[in-house]
file data_2.cif (mmCIF, C-alpha atoms)
data_work
#
loop_
_atom_site.label_atom_id
_atom_site.label_comp_id
_atom_site.auth_asym_id
_atom_site.auth_seq_id
_atom_site.Cartn_x
_atom_site.Cartn_y
_atom_site.Cartn_z
CA MET A 79 -162.00 -38.73 -57.02
CA GLU A 80 -161.72 -34.94 -57.32
CA PRO A 81 -162.89 -32.96 -54.28
CA VAL A 82 -166.47 -31.70 -54.72
CA HIS A 83 -167.28 -28.12 -53.67
CA SER A 84 -170.64 -26.43 -53.17
CA SER A 85 -171.55 -23.86 -55.77
CA TYR A 86 -172.95 -21.79 -52.87
CA ALA A 87 -169.77 -21.87 -50.77
CA ALA A 88 -169.25 -18.15 -51.41
CA ASP A 89 -172.77 -17.15 -50.33
CA PRO A 90 -172.53 -15.84 -46.74
CA ASP A 91 -176.25 -16.54 -46.10
CA MET A 92 -175.68 -20.16 -46.97
CA LEU A 93 -172.19 -20.90 -45.68
CA GLU A 94 -173.18 -22.19 -42.27
CA ILE A 95 -175.96 -24.53 -43.38
CA VAL A 96 -173.98 -25.77 -46.40
CA ARG A 97 -171.16 -26.67 -44.03
CA GLU A 98 -173.56 -28.45 -41.68
CA PHE A 99 -175.07 -30.37 -44.59
CA ALA A 100 -171.67 -31.31 -46.02
CA LEU A 101 -170.40 -32.54 -42.65
CA GLU A 102 -173.35 -34.95 -42.44
CA LEU A 103 -172.57 -36.55 -45.81
CA PRO A 104 -169.88 -39.07 -44.76
CA GLY A 105 -172.42 -40.45 -42.25
CA ARG A 106 -174.98 -40.66 -45.04
CA ALA A 107 -172.44 -42.55 -47.19
CA ASP A 108 -172.01 -45.09 -44.35
CA ALA A 109 -175.79 -45.42 -44.08
CA LEU A 110 -176.13 -46.06 -47.84
CA GLU A 111 -173.58 -48.87 -47.70
CA ARG A 112 -175.13 -50.33 -44.56
CA LEU A 113 -178.65 -50.34 -46.03
CA LEU A 114 -177.38 -51.91 -49.23
CA ALA A 115 -175.48 -54.62 -47.31
CA SER A 116 -178.53 -55.49 -45.19
CA GLY A 117 -180.82 -55.47 -48.23
CA SER A 118 -183.04 -52.70 -46.79
CA LEU A 119 -183.92 -51.39 -50.21
CA ALA A 120 -187.02 -49.42 -49.15
CA GLU A 121 -184.96 -47.43 -46.65
CA LEU A 122 -182.18 -47.05 -49.18
CA SER A 123 -184.72 -45.53 -51.53
CA VAL A 124 -185.95 -43.05 -48.87
CA LEU A 125 -182.37 -41.92 -48.21
CA ALA A 126 -181.65 -41.57 -51.94
CA HIS A 127 -184.86 -39.56 -52.29
CA GLN A 128 -183.83 -37.18 -49.51
CA LEU A 129 -180.33 -36.70 -50.92
CA LYS A 130 -181.77 -36.03 -54.35
CA GLY A 131 -184.13 -33.39 -52.94
CA ALA A 132 -181.55 -31.60 -50.82
CA GLY A 133 -178.20 -31.93 -52.64
CA GLY A 134 -178.76 -29.43 -55.43
CA GLY A 135 -180.34 -26.96 -53.02
CA TYR A 136 -177.06 -26.88 -51.09
CA GLY A 137 -175.04 -26.37 -54.25
CA TYR A 138 -174.14 -30.02 -54.80
CA ALA A 139 -175.92 -30.74 -58.10
CA PRO A 140 -174.02 -34.03 -58.74
CA VAL A 141 -175.39 -35.40 -55.42
CA SER A 142 -178.94 -34.85 -56.66
CA GLU A 143 -178.11 -36.43 -60.01
CA LEU A 144 -176.53 -39.63 -58.66
CA ALA A 145 -179.09 -39.96 -55.84
CA GLY A 146 -181.88 -39.52 -58.38
CA ALA A 147 -180.37 -42.21 -60.60
CA LEU A 148 -180.17 -44.61 -57.62
CA GLU A 149 -183.76 -43.86 -56.56
CA ARG A 150 -184.98 -44.48 -60.12
CA ALA A 151 -183.04 -47.74 -60.42
CA LEU A 152 -184.58 -48.94 -57.14
CA ARG A 153 -188.07 -47.94 -58.21
CA GLU A 154 -187.66 -49.75 -61.54
CA GLY A 155 -186.38 -52.86 -59.76
CA ARG A 156 -183.09 -52.89 -61.70
CA PRO A 157 -180.72 -55.89 -61.22
CA ARG A 158 -178.70 -56.06 -58.04
CA PRO A 159 -175.29 -55.28 -59.67
CA GLU A 160 -176.65 -52.00 -61.03
CA ILE A 161 -178.08 -51.03 -57.60
CA GLU A 162 -174.72 -51.85 -56.00
CA GLN A 163 -172.80 -49.86 -58.55
CA ARG A 164 -175.02 -46.79 -58.22
CA THR A 165 -174.94 -46.94 -54.43
CA HIS A 166 -171.12 -47.11 -54.45
CA GLU A 167 -170.88 -44.23 -56.90
CA LEU A 168 -173.13 -42.08 -54.72
CA SER A 169 -171.34 -42.91 -51.48
CA LYS A 170 -167.96 -42.23 -53.11
CA LEU A 171 -169.26 -38.85 -54.25
CA LEU A 172 -170.56 -38.04 -50.75
CA ARG A 173 -167.12 -38.80 -49.29
CA ALA A 174 -165.48 -36.52 -51.86
CA VAL A 175 -167.60 -33.54 -50.80
CA VAL A 176 -165.55 -30.86 -49.09
CA ALA A 177 -167.29 -28.80 -46.40
CA PRO A 178 -166.64 -25.07 -46.85
CA GLU A 179 -164.54 -23.50 -44.09
CA LEU A 180 -166.07 -20.86 -41.83
CA PRO A 181 -164.20 -17.54 -42.10
CA MET B 268 -207.17 -3.89 -31.10
CA ASN B 269 -207.70 -1.95 -34.31
CA PRO B 270 -207.89 -3.50 -37.77
CA GLU B 271 -204.46 -3.69 -39.40
CA VAL B 272 -203.36 -4.42 -42.94
CA PRO B 273 -202.69 -8.17 -43.03
CA ASN B 274 -199.07 -9.23 -43.45
CA PRO B 275 -198.98 -12.96 -44.02
CA ASN B 276 -195.44 -14.22 -43.35
CA ARG B 277 -195.59 -17.52 -41.43
CA LEU B 278 -194.61 -20.67 -43.29
CA LEU B 279 -194.87 -24.29 -42.29
CA VAL B 280 -192.65 -26.77 -44.12
CA ILE B 281 -193.81 -30.39 -43.94
CA ASP B 282 -190.95 -32.49 -45.28
CA ASP B 283 -189.25 -35.60 -43.92
CA SER B 284 -185.79 -34.16 -44.48
CA GLU B 285 -184.35 -31.69 -42.00
CA ALA B 286 -181.87 -30.57 -44.64
CA ILE B 287 -184.84 -29.19 -46.61
CA HIS B 288 -186.19 -27.30 -43.55
CA ARG B 289 -182.82 -25.62 -43.01
CA LEU B 290 -182.48 -24.80 -46.69
CA VAL B 291 -185.95 -23.26 -46.97
CA GLU B 292 -185.38 -21.25 -43.81
CA ALA B 293 -182.02 -19.90 -45.01
CA ARG B 294 -183.52 -18.94 -48.37
CA LEU B 295 -186.68 -17.29 -47.07
CA ARG B 296 -185.55 -15.65 -43.84
CA PRO B 297 -183.96 -12.71 -45.74
CA ASP B 298 -187.46 -11.99 -47.13
CA GLY B 299 -188.77 -11.54 -43.58
CA LEU B 300 -190.56 -14.87 -43.45
CA GLN B 301 -190.85 -17.06 -40.36
CA VAL B 302 -190.23 -20.67 -41.27
CA ARG B 303 -191.19 -23.63 -39.08
CA GLY B 304 -190.47 -27.21 -40.05
CA GLU B 305 -192.25 -30.47 -39.31
CA LEU B 306 -190.87 -33.90 -40.27
CA ASP B 307 -193.94 -36.01 -39.55
CA PRO B 308 -197.03 -35.59 -41.75
CA ALA B 309 -199.62 -36.30 -39.02
CA ARG B 310 -197.96 -33.84 -36.64
CA GLY B 311 -197.72 -31.38 -39.55
CA ILE B 312 -201.50 -31.45 -39.92
CA ASP B 313 -201.95 -30.86 -36.17
CA ARG B 314 -199.54 -27.94 -36.23
CA ALA B 315 -201.25 -26.39 -39.23
CA ILE B 316 -204.55 -26.54 -37.30
CA ASP B 317 -202.98 -25.12 -34.11
CA GLU B 318 -200.78 -22.43 -35.62
CA GLY B 319 -202.72 -21.44 -38.74
CA PRO B 320 -199.68 -20.63 -40.92
CA ASP B 321 -200.04 -18.37 -43.97
CA LEU B 322 -198.49 -20.86 -46.36
CA ILE B 323 -197.60 -24.55 -46.27
CA LEU B 324 -194.75 -26.09 -48.26
CA LEU B 325 -195.65 -29.76 -48.49
CA ASP B 326 -193.45 -32.63 -49.63
CA ILE B 327 -195.25 -35.21 -51.75
CA GLY B 328 -193.06 -38.20 -50.92
CA LEU B 329 -193.71 -38.35 -47.17
CA PRO B 330 -193.48 -41.57 -45.15
CA GLY B 331 -196.81 -42.95 -43.87
CA ILE B 332 -199.36 -40.42 -45.06
CA ASP B 333 -198.25 -39.09 -48.44
CA GLY B 334 -198.40 -35.42 -49.38
CA PHE B 335 -201.58 -35.79 -51.42
CA GLU B 336 -203.39 -37.24 -48.41
CA VAL B 337 -202.04 -34.50 -46.13
CA CYS B 338 -203.31 -31.94 -48.65
CA ARG B 339 -206.74 -33.59 -48.79
CA ARG B 340 -207.04 -33.53 -44.99
CA LEU B 341 -205.91 -29.91 -44.75
CA LYS B 342 -208.50 -28.93 -47.35
CA GLU B 343 -211.20 -30.78 -45.41
CA HIS B 344 -210.59 -28.96 -42.15
CA ALA B 345 -212.37 -25.61 -41.68
CA VAL B 346 -209.34 -23.98 -40.01
CA THR B 347 -206.78 -24.97 -42.65
CA ARG B 348 -208.97 -25.02 -45.78
CA HIS B 349 -207.91 -21.55 -46.93
CA ILE B 350 -204.17 -21.89 -46.27
CA PRO B 351 -202.37 -22.03 -49.62
CA ILE B 352 -200.24 -25.12 -50.19
CA ILE B 353 -197.19 -25.35 -52.45
CA PHE B 354 -196.08 -28.89 -53.18
CA LEU B 355 -192.39 -29.76 -53.02
CA THR B 356 -191.80 -32.56 -55.45
CA GLY B 357 -188.80 -34.55 -56.51
CA THR B 358 -190.20 -35.30 -59.94
CA SER B 359 -191.45 -33.19 -62.79
CA ASP B 360 -194.15 -35.83 -63.34
CA ILE B 361 -197.18 -34.12 -64.90
CA ASP B 362 -199.72 -36.55 -63.42
CA ALA B 363 -198.48 -35.76 -59.90
CA LYS B 364 -198.76 -32.03 -60.56
CA VAL B 365 -202.27 -32.29 -61.94
CA ARG B 366 -203.35 -34.44 -59.02
CA GLY B 367 -201.91 -31.95 -56.53
CA LEU B 368 -203.52 -28.95 -58.19
CA ASP B 369 -206.86 -30.78 -58.34
CA LEU B 370 -206.60 -31.37 -54.59
CA GLY B 371 -206.33 -27.61 -54.07
CA ALA B 372 -202.58 -26.86 -54.06
CA VAL B 373 -201.71 -23.46 -55.53
CA ASP B 374 -198.30 -24.28 -56.97
CA PHE B 375 -195.35 -26.62 -57.29
CA VAL B 376 -191.64 -26.34 -56.66
CA THR B 377 -189.40 -29.10 -57.97
CA LYS B 378 -186.57 -30.26 -55.73
CA PRO B 379 -183.70 -29.57 -55.79
CA PHE B 380 -185.03 -26.06 -56.02
CA ASP B 381 -183.50 -22.92 -57.33
CA GLN B 382 -183.64 -20.25 -54.64
CA ILE B 383 -184.85 -17.50 -56.98
CA GLU B 384 -187.70 -19.67 -58.17
CA LEU B 385 -188.60 -20.77 -54.64
CA ARG B 386 -188.70 -17.18 -53.39
CA ALA B 387 -190.75 -15.99 -56.37
CA ARG B 388 -193.33 -18.75 -55.97
CA VAL B 389 -193.61 -18.18 -52.23
CA ARG B 390 -194.00 -14.42 -52.78
CA ALA B 391 -196.73 -15.00 -55.37
CA ALA B 392 -198.64 -17.36 -53.05
CA LEU B 393 -198.37 -14.90 -50.14
CA ARG B 394 -199.58 -12.03 -52.33
CA THR B 395 -202.75 -13.97 -53.01
CA LYS B 396 -203.05 -14.89 -49.33
CA ARG B 397 -202.78 -11.22 -48.42
CA LEU B 398 -205.64 -10.29 -50.75
CA GLN B 399 -207.68 -13.15 -49.35
CA ASP B 400 -206.98 -11.98 -45.77
CA MET B 401 -207.92 -8.43 -46.72
CA LEU B 402 -211.20 -9.61 -48.20
CA GLU B 403 -211.95 -11.59 -45.08
CA GLN B 404 -211.08 -8.59 -42.94
CA GLN B 405 -213.26 -6.33 -45.11
CA SER B 406 -216.21 -8.55 -44.35
CA PHE B 407 -215.61 -7.82 -40.64
CA LEU B 408 -215.18 -4.06 -40.97
CA ASP B 409 -217.75 -1.31 -40.73
CA GLY B 410 -217.49 0.79 -43.88
CA LEU B 411 -218.51 4.11 -42.34
CA THR B 412 -216.39 4.17 -39.19
CA GLY B 413 -213.56 1.72 -39.96
CA LEU B 414 -214.34 -0.09 -36.68
CA TRP B 415 -214.99 -3.83 -36.49
CA ASN B 416 -218.58 -4.78 -37.27
CA ARG B 417 -221.17 -6.77 -35.39
CA ALA B 418 -220.28 -10.08 -37.07
CA PHE B 419 -216.67 -9.73 -35.90
CA LEU B 420 -217.63 -8.74 -32.37
CA ASP B 421 -220.05 -11.65 -32.02
CA LYS B 422 -217.36 -14.04 -33.22
CA ARG B 423 -214.70 -12.60 -30.92
CA LEU B 424 -217.01 -12.48 -27.90
CA GLU B 425 -217.57 -16.20 -28.30
CA VAL B 426 -213.82 -16.90 -28.59
CA GLU B 427 -212.82 -14.57 -25.74
CA LEU B 428 -215.44 -16.02 -23.40
CA ASN B 429 -213.87 -19.43 -23.96
CA VAL B 430 -210.40 -18.03 -23.27
CA ALA B 431 -211.67 -16.22 -20.15
CA ARG B 432 -213.29 -19.41 -18.88
CA ARG B 433 -210.21 -21.52 -19.56
CA TYR B 434 -207.84 -19.15 -17.73
CA GLY B 435 -210.32 -18.08 -15.06
CA ARG B 436 -210.01 -14.44 -16.12
CA PRO B 437 -212.77 -11.81 -16.17
CA LEU B 438 -214.02 -10.28 -19.40
CA SER B 439 -216.18 -7.18 -19.72
CA LEU B 440 -218.47 -5.82 -22.38
CA ALA B 441 -219.69 -2.25 -22.78
CA LEU B 442 -222.56 -1.26 -25.06
CA ALA B 443 -222.95 2.38 -26.03
CA ASP B 444 -225.77 4.19 -27.76
CA ILE B 445 -225.65 7.79 -29.00
CA ASP B 446 -228.30 9.86 -27.22
CA ARG B 447 -231.21 11.26 -29.26
CA PHE B 448 -229.52 10.19 -32.49
CA LYS B 449 -232.78 9.86 -34.40
CA GLN B 450 -233.74 13.47 -33.61
CA LEU B 451 -230.27 14.61 -34.66
CA ASN B 452 -230.62 12.77 -37.96
CA ASP B 453 -234.14 14.07 -38.56
CA SER B 454 -233.31 17.71 -37.85
CA HIS B 455 -229.81 17.97 -39.36
CA GLY B 456 -229.80 15.27 -42.04
CA HIS B 457 -228.16 11.89 -42.48
CA LEU B 458 -224.86 13.32 -43.65
CA PHE B 459 -224.44 15.10 -40.36
CA GLY B 460 -225.48 11.88 -38.62
CA ASP B 461 -222.66 10.08 -40.43
CA VAL B 462 -220.15 12.72 -39.32
CA VAL B 463 -221.29 12.23 -35.72
CA LEU B 464 -220.94 8.44 -35.97
CA GLN B 465 -217.43 8.82 -37.36
CA GLY B 466 -216.45 11.33 -34.69
CA ILE B 467 -217.77 9.21 -31.83
CA ALA B 468 -216.07 6.14 -33.33
CA ASP B 469 -212.81 8.08 -33.53
CA GLY B 470 -213.07 9.08 -29.85
CA PHE B 471 -213.78 5.50 -28.78
CA ARG B 472 -210.88 4.21 -30.84
CA THR B 473 -208.56 6.80 -29.33
CA TYR B 474 -209.60 6.40 -25.70
CA ALA B 475 -210.02 2.64 -25.60
CA ARG B 476 -206.94 0.60 -24.67
CA GLY B 477 -204.85 -1.24 -27.27
CA SER B 478 -206.33 -4.61 -26.30
CA ASP B 479 -209.99 -3.47 -26.41
CA ILE B 480 -212.06 -4.46 -29.41
CA VAL B 481 -214.24 -1.57 -30.50
CA ALA B 482 -217.09 -2.33 -32.90
CA ARG B 483 -220.03 -0.54 -34.43
CA TYR B 484 -222.79 -2.85 -33.30
CA GLY B 485 -225.80 -1.38 -35.06
CA GLY B 486 -227.07 1.98 -36.36
CA GLU B 487 -225.93 4.27 -33.54
CA GLU B 488 -224.87 1.52 -31.19
CA PHE B 489 -221.30 0.54 -30.35
CA ALA B 490 -219.87 -2.44 -28.47
CA ILE B 491 -216.51 -2.53 -26.72
CA LEU B 492 -215.09 -5.91 -25.74
CA LEU B 493 -212.65 -5.56 -22.85
CA THR B 494 -210.63 -8.75 -22.53
CA ASP B 495 -208.99 -9.69 -19.22
CA THR B 496 -210.77 -6.77 -17.53
CA ASP B 497 -212.77 -6.74 -14.28
CA ALA B 498 -215.78 -4.50 -13.55
CA VAL B 499 -213.72 -1.71 -11.92
CA ALA B 500 -211.27 -1.44 -14.82
CA ALA B 501 -214.15 -1.69 -17.31
CA ALA B 502 -215.91 1.19 -15.51
CA GLN B 503 -212.77 3.31 -15.79
CA VAL B 504 -212.37 2.68 -19.52
CA THR B 505 -216.08 3.24 -20.16
CA GLU B 506 -216.02 6.54 -18.27
CA ARG B 507 -213.17 7.69 -20.55
CA LEU B 508 -215.29 6.76 -23.57
CA ARG B 509 -218.32 8.60 -22.18
CA VAL B 510 -216.22 11.74 -21.67
CA SER B 511 -214.67 11.38 -25.17
CA ALA B 512 -218.18 11.70 -26.65
CA GLU B 513 -219.25 14.51 -24.31
CA ILE B 514 -216.27 16.79 -24.98
CA ARG B 515 -216.33 16.44 -28.76
CA SER B 516 -217.95 19.28 -30.68
CA PHE B 517 -219.41 18.83 -34.17
CA GLU B 518 -219.59 21.83 -36.43
CA LEU B 519 -222.94 22.54 -38.02
CA ASN B 520 -223.67 25.76 -39.93
CA GLY B 521 -220.93 27.59 -38.11
CA ARG B 522 -221.91 26.56 -34.59
CA GLY B 523 -220.83 23.69 -32.38
CA VAL B 524 -223.16 20.81 -31.60
CA SER B 525 -222.51 18.45 -28.70
CA VAL B 526 -223.51 14.83 -28.57
CA THR B 527 -223.57 12.40 -25.65
CA ALA B 528 -223.86 8.64 -25.32
CA SER B 529 -225.31 6.24 -22.75
CA PHE B 530 -223.55 3.08 -21.64
CA GLY B 531 -224.27 -0.32 -20.17
CA VAL B 532 -221.38 -2.43 -18.82
CA VAL B 533 -221.16 -5.97 -17.54
CA CYS B 534 -218.31 -8.14 -16.34
CA SER B 535 -218.48 -11.91 -16.92
CA ASP B 536 -217.93 -12.40 -13.14
CA ASP B 537 -221.23 -10.59 -12.48
CA ILE B 538 -223.38 -12.73 -14.75
CA GLU B 539 -225.84 -15.05 -13.07
CA GLY B 540 -225.04 -18.58 -14.21
CA GLU B 541 -222.56 -19.57 -16.89
CA PRO B 542 -221.53 -16.43 -18.83
CA THR B 543 -222.64 -17.13 -22.40
CA SER B 544 -222.41 -14.49 -25.10
CA GLU B 545 -226.21 -14.15 -25.08
CA ARG B 546 -226.28 -13.50 -21.34
CA VAL B 547 -223.41 -11.02 -21.52
CA LEU B 548 -224.98 -9.10 -24.39
CA SER B 549 -228.42 -9.00 -22.84
CA ALA B 550 -227.11 -7.90 -19.41
CA ALA B 551 -225.12 -5.06 -21.02
CA ASP B 552 -228.17 -4.11 -23.07
CA ARG B 553 -230.41 -3.91 -19.98
CA ALA B 554 -227.78 -1.77 -18.22
CA LEU B 555 -227.68 0.50 -21.27
CA TYR B 556 -231.46 0.94 -21.11
CA ALA B 557 -231.19 1.75 -17.42
CA SER B 558 -228.82 4.59 -18.41
CA LYS B 559 -231.33 5.83 -20.98
CA ASP B 560 -234.09 5.74 -18.36
CA ALA B 561 -231.90 7.56 -15.85
CA GLY B 562 -231.58 10.59 -18.14
CA ARG B 563 -228.84 9.50 -20.62
CA ASN B 564 -225.12 10.44 -20.77
CA CYS B 565 -224.31 8.05 -17.95
CA ILE B 566 -223.12 4.48 -17.27
CA HIS B 567 -224.87 1.60 -15.54
CA LEU B 568 -223.10 -1.53 -14.37
CA SER B 569 -224.98 -4.80 -14.41
CA GLU B 570 -224.30 -6.66 -11.14
CA ARG B 571 -226.06 -10.00 -10.76
CA GLY B 572 -229.19 -8.74 -12.51
CA GLN B 573 -229.19 -5.33 -10.78
CA ASN B 574 -228.31 -2.22 -12.78
CA VAL B 575 -226.21 0.12 -10.68
CA LYS B 576 -225.54 3.66 -11.80
CA LEU B 577 -221.89 4.62 -11.92
CA ARG B 578 -221.64 7.87 -9.96
CA PRO B 579 -218.65 10.24 -9.99
CA ASP B 580 -217.81 9.24 -6.41
CA HIS B 581 -217.56 5.55 -7.33
CA PRO B 582 -214.17 4.21 -6.19
CA ALA B 583 -213.34 3.19 -9.76
CA LEU B 584 -213.67 6.77 -10.98
CA ARG B 585 -211.81 8.65 -8.28
CA GLY B 586 -209.28 10.85 -10.04
CA THR B 587 -210.14 9.73 -13.57
CA SER B 588 -212.96 11.79 -15.06
CA GLU B 589 -212.61 15.22 -13.47
CA GLY B 590 -208.95 15.04 -12.54
#

call {"tool": "encode", "arguments": {"input": "data_2.cif", "output": "C-alpha cells"}}
result
Amino acid sequence: MEPVHSSYAADPDMLEIVREFALELPGRADALERLLASGSLAELSVLAHQLKGAGGGYGYAPVSELAGALERALREGRPRPEIEQRTHELSKLLRAVVAPELP
Amino acid sequence: MNPEVPNPNRLLVIDDSEAIHRLVEARLRPDGLQVRGELDPARGIDRAIDEGPDLILLDIGLPGIDGFEVCRRLKEHAVTRHIPIIFLTGTSDIDAKVRGLDLGAVDFVTKPFDQIELRARVRAALRTKRLQDMLEQQSFLDGLTGLWNRAFLDKRLEVELNVARRYGRPLSLALADIDRFKQLNDSHGHLFGDVVLQGIADGFRTYARGSDIVARYGGEEFAILLTDTDAVAAAQVTERLRVSAEIRSFELNGRGVSVTASFGVVCSDDIEGEPTSERVLSAADRALYASKDAGRNCIHLSERGQNVKLRPDHPALRGTSEG
C-alpha cells in the first residue's frame, strides 16, 4: 500500500498534533484487529466512530471514509466476512499512514 | 471592580476522543480561545456547572449518557442554561440535527470538520454570547453613573458573604449618601443633581481599590462592597472616598459648588450573630444615619451594634487624609 500523508503536514500550527495522532495509529490498528478477533463488536464500533470523527480533521480523509464505512456496516449488522474485510482495510490504511517529521 | 465589556472566550469540549480535543484546541487557540476538554459526559456536566464556559462543543455519540441527554441536563440547570451548545456530529442525519436544535443547541458541526467552518461557527456562537452577556450586564448597570446597580450589589453581597464565611475572611460594606441632595436638586434643578451624582460616582470609582465593587444603591445613595477587607482597611478606603467628594467642585453659573457625603461602614467581623446580607446592610445603614445625625460629611463605624465616629486621630487614618 502507498504511504499515506496528512494534507495538513505543511501547516506549522498542526504539525505537532498531526504527528502525535499519526504515531498513535499503528496501536489503533492493533486494537481494531484485537476487537474483531474477540468479537467485541460494540467496542469496535466505538473505535471506528472515533477514527471517523478525527481522521479527516488531521488531514487523513481516507481514514474517516474507511472508518465510517466500517461503523455503518457494524450498525447495519452486515455479514461477518464484510465486517472482517472492512476492518482489515482500515487497519492496513492506518499502518500505511506516515507521521510528518518535525523540522 | 468596574464593569468591563464582556469577552467570552472559554470553550469546553465534551467528546470521548482526545484526538478531537487536541484538534479543536489547535484550531481555535490562534483565535485567542481557551479550550478545555472532557472525555466523560457526566464529568463534563459538572465542569460546565463549576467553570461556566462561554461555549460548549458537545459530541452526540458519547458513551453512557448521549449528547442529547447531556444537552437536556445542561439546559435544565440554572447555571448552564444560557451557555450556547454546538453539537459535534459524525452524521449529517437531519433528524439528529432537528432533535438537537429542539433541545436548545445553537448549531452543528459535522465531523470530520473543516477548520474554517469550525472557526466560523464558533465565532458566530460567541458573537451571540457576547451580546447576551452585554444585555445581562446592562441589567446590572446604573444608566446615569455607569456604576453597578442595586440588583448587582445585592447579588454580589450574598455571594461574597458566602466566600468570606468559607475562607474565614472579613468583608466590609460602606454606604454613602450625598448630604442635602434634595435641597441641591430643588434649588439648582435635576440636571445639576445628575451632574453631581456623576461627579461623586466618578470620584468613588477613582479612589476605590480595583477589587472594590462600587454601586449606586438608590437615588443619592451609594454602596461600596469591600471584599477581603477588615474594619481598619475599610475605614481607610472610606475616608479616601469621603475626601474625594469633599474636594470636588461643581460649576454652577460660573461659581463653584461643593458637595459632601456621609458614610456608614461595617465589617462582617463586627456583626452580632451570623453576618447575613440583611444584617450587614442594616448595620451600615444605621451607621450612615449616625453620621447624618452627627452633622454630616463624616464616617461612622458600626461595632457590635454601637456606631463609633471615625475621628482624624483614629489609628486607621493616621497619615492618610491630611498627609

call {"tool": "resolve_selection", "arguments": {"input": "data_2.cif", "expression": "the PyMOL selection byres ((chain A) within 8 of (chain B))", "output": "list in words"}}
result
Asp91, Met92, Ile95, Phe99, His127, Gln128, Lys130, Gly131, Ala132, Gly133, Gly134, Gly135, Tyr136 and Ser142 of chain A

call {"tool": "atom_distance", "arguments": {"input": "data_2.cif", "atom1": "atom CA of B:Ala490", "atom2": "atom CA of B:Ala550"}}
result
12.8 Å

call {"tool": "closest_residue", "arguments": {"input": "data_2.cif", "among": "B:Ala391, B:Leu438, B:Ala309, B:Leu577", "to": "B:Leu322", "atoms": "only C-alpha atoms"}}
result
B:Ala391

call {"tool": "resolve_selection", "arguments": {"input": "data_2.cif", "expression": "the PyMOL selection byres ((chain B and resi 274-276) around 8)", "output": "ChimeraX atom specification"}}
result
/B:272-273,277-278,299-301,321-322,393,396-397

call {"tool": "closest_atom_pairs", "arguments": {"input": "data_2.cif", "of": "stretch 456-543 of chain B", "to": "stretch 423-431 of chain B", "cutoff": "9 Å", "atoms": "all atoms listed in the file", "output": "JSON lines"}}
result
{"residue": "B:Ile480", "atom": "CA", "partner": "B:Arg423", "partner_atom": "CA", "distance": 8.7}
{"residue": "B:Leu492", "atom": "CA", "partner": "B:Leu424", "partner_atom": "CA", "distance": 7.2}
{"residue": "B:Thr494", "atom": "CA", "partner": "B:Glu427", "partner_atom": "CA", "distance": 7.0}
{"residue": "B:Asp495", "atom": "CA", "partner": "B:Ala431", "partner_atom": "CA", "distance": 7.1}
{"residue": "B:Ser535", "atom": "CA", "partner": "B:Leu428", "partner_atom": "CA", "distance": 8.3}
{"residue": "B:Pro542", "atom": "CA", "partner": "B:Leu428", "partner_atom": "CA", "distance": 7.6}
{"residue": "B:Thr543", "atom": "CA", "partner": "B:Leu428", "partner_atom": "CA", "distance": 7.4}

call {"tool": "closest_residue", "arguments": {"input": "data_2.cif", "among": "B:Glu570, B:Asp453, B:Asp362, B:Asp307", "to": "B:Gly531", "atoms": "only C-alpha atoms"}}
result
B:Glu570

call {"tool": "resolve_selection", "arguments": {"input": "data_2.cif", "expression": "the PyMOL selection byres ((chain B and resi 518-521) around 12)", "output": "PDB file with C-alpha atoms, keeping the file's coordinate frame"}}
result
ATOM      1  CA  LEU B 451    -230.270  14.610 -34.660  1.00  0.00           C
ATOM      2  CA  SER B 454    -233.310  17.710 -37.850  1.00  0.00           C
ATOM      3  CA  HIS B 455    -229.810  17.970 -39.360  1.00  0.00           C
ATOM      4  CA  GLY B 456    -229.800  15.270 -42.040  1.00  0.00           C
ATOM      5  CA  LEU B 458    -224.860  13.320 -43.650  1.00  0.00           C
ATOM      6  CA  PHE B 459    -224.440  15.100 -40.360  1.00  0.00           C
ATOM      7  CA  GLY B 460    -225.480  11.880 -38.620  1.00  0.00           C
ATOM      8  CA  VAL B 462    -220.150  12.720 -39.320  1.00  0.00           C
ATOM      9  CA  VAL B 463    -221.290  12.230 -35.720  1.00  0.00           C
ATOM     10  CA  GLY B 466    -216.450  11.330 -34.690  1.00  0.00           C
ATOM     11  CA  ARG B 515    -216.330  16.440 -28.760  1.00  0.00           C
ATOM     12  CA  SER B 516    -217.950  19.280 -30.680  1.00  0.00           C
ATOM     13  CA  PHE B 517    -219.410  18.830 -34.170  1.00  0.00           C
ATOM     14  CA  ARG B 522    -221.910  26.560 -34.590  1.00  0.00           C
ATOM     15  CA  GLY B 523    -220.830  23.690 -32.380  1.00  0.00           C
ATOM     16  CA  VAL B 524    -223.160  20.810 -31.600  1.00  0.00           C
ATOM     17  CA  SER B 525    -222.510  18.450 -28.700  1.00  0.00           C
ATOM     18  CA  VAL B 526    -223.510  14.830 -28.570  1.00  0.00           C
TER      19      VAL B 526
END

call {"tool": "closest_residue", "arguments": {"input": "data_2.cif", "among": "B:Glu305, B:Asp444, B:Glu403, B:Asp479", "to": "B:Ala551", "atoms": "only C-alpha atoms"}}
result
B:Asp444

call {"tool": "axis_aligned_box", "arguments": {"input": "data_2.cif", "around": "stretch 161-173 of chain A", "padding_each_side": "8 Å", "output": "lines of an AutoDock Vina configuration file"}}
result
center_x = -172.6
center_y = -44.9
center_z = -53.9
size_x = 27.0
size_y = 29.8
size_z = 25.3

call {"tool": "atom_distance", "arguments": {"input": "data_2.cif", "atom1": "atom CA of A:Met79", "atom2": "atom CA of A:Ala174"}}
result
6.6 Å

call {"tool": "closest_residue", "arguments": {"input": "data_2.cif", "among": "A:Leu152, A:Ala147, A:Leu172, A:Leu93", "to": "A:Ser118", "atoms": "only C-alpha atoms"}}
result
A:Leu152

call {"tool": "atom_distance", "arguments": {"input": "data_2.cif", "atom1": "atom CA of A:Gly146", "atom2": "atom CA of A:Ala177"}}
result
21.7 Å

call {"tool": "residues_around", "arguments": {"input": "data_2.cif", "residues": "B:Leu325", "least_positions_apart": "3", "cutoff": "8 Å", "atoms": "all atoms listed in the file", "output": "PyMOL selection string"}}
result
chain B and resi 280-282+334+338+352-355

call {"tool": "residues_around", "arguments": {"input": "data_2.cif", "residues": "A:Pro178", "least_positions_apart": "4", "cutoff": "8 Å", "atoms": "only C-alpha atoms", "output": "list in words"}}
result
His83, Ser84, Ala87, Leu93, Val96 and Arg97 of chain A

call {"tool": "closest_residue", "arguments": {"input": "data_2.cif", "among": "A:Glu154, A:Leu103, A:Leu110, A:Ala126", "to": "A:His166", "atoms": "all atoms listed in the file"}}
result
A:Leu110
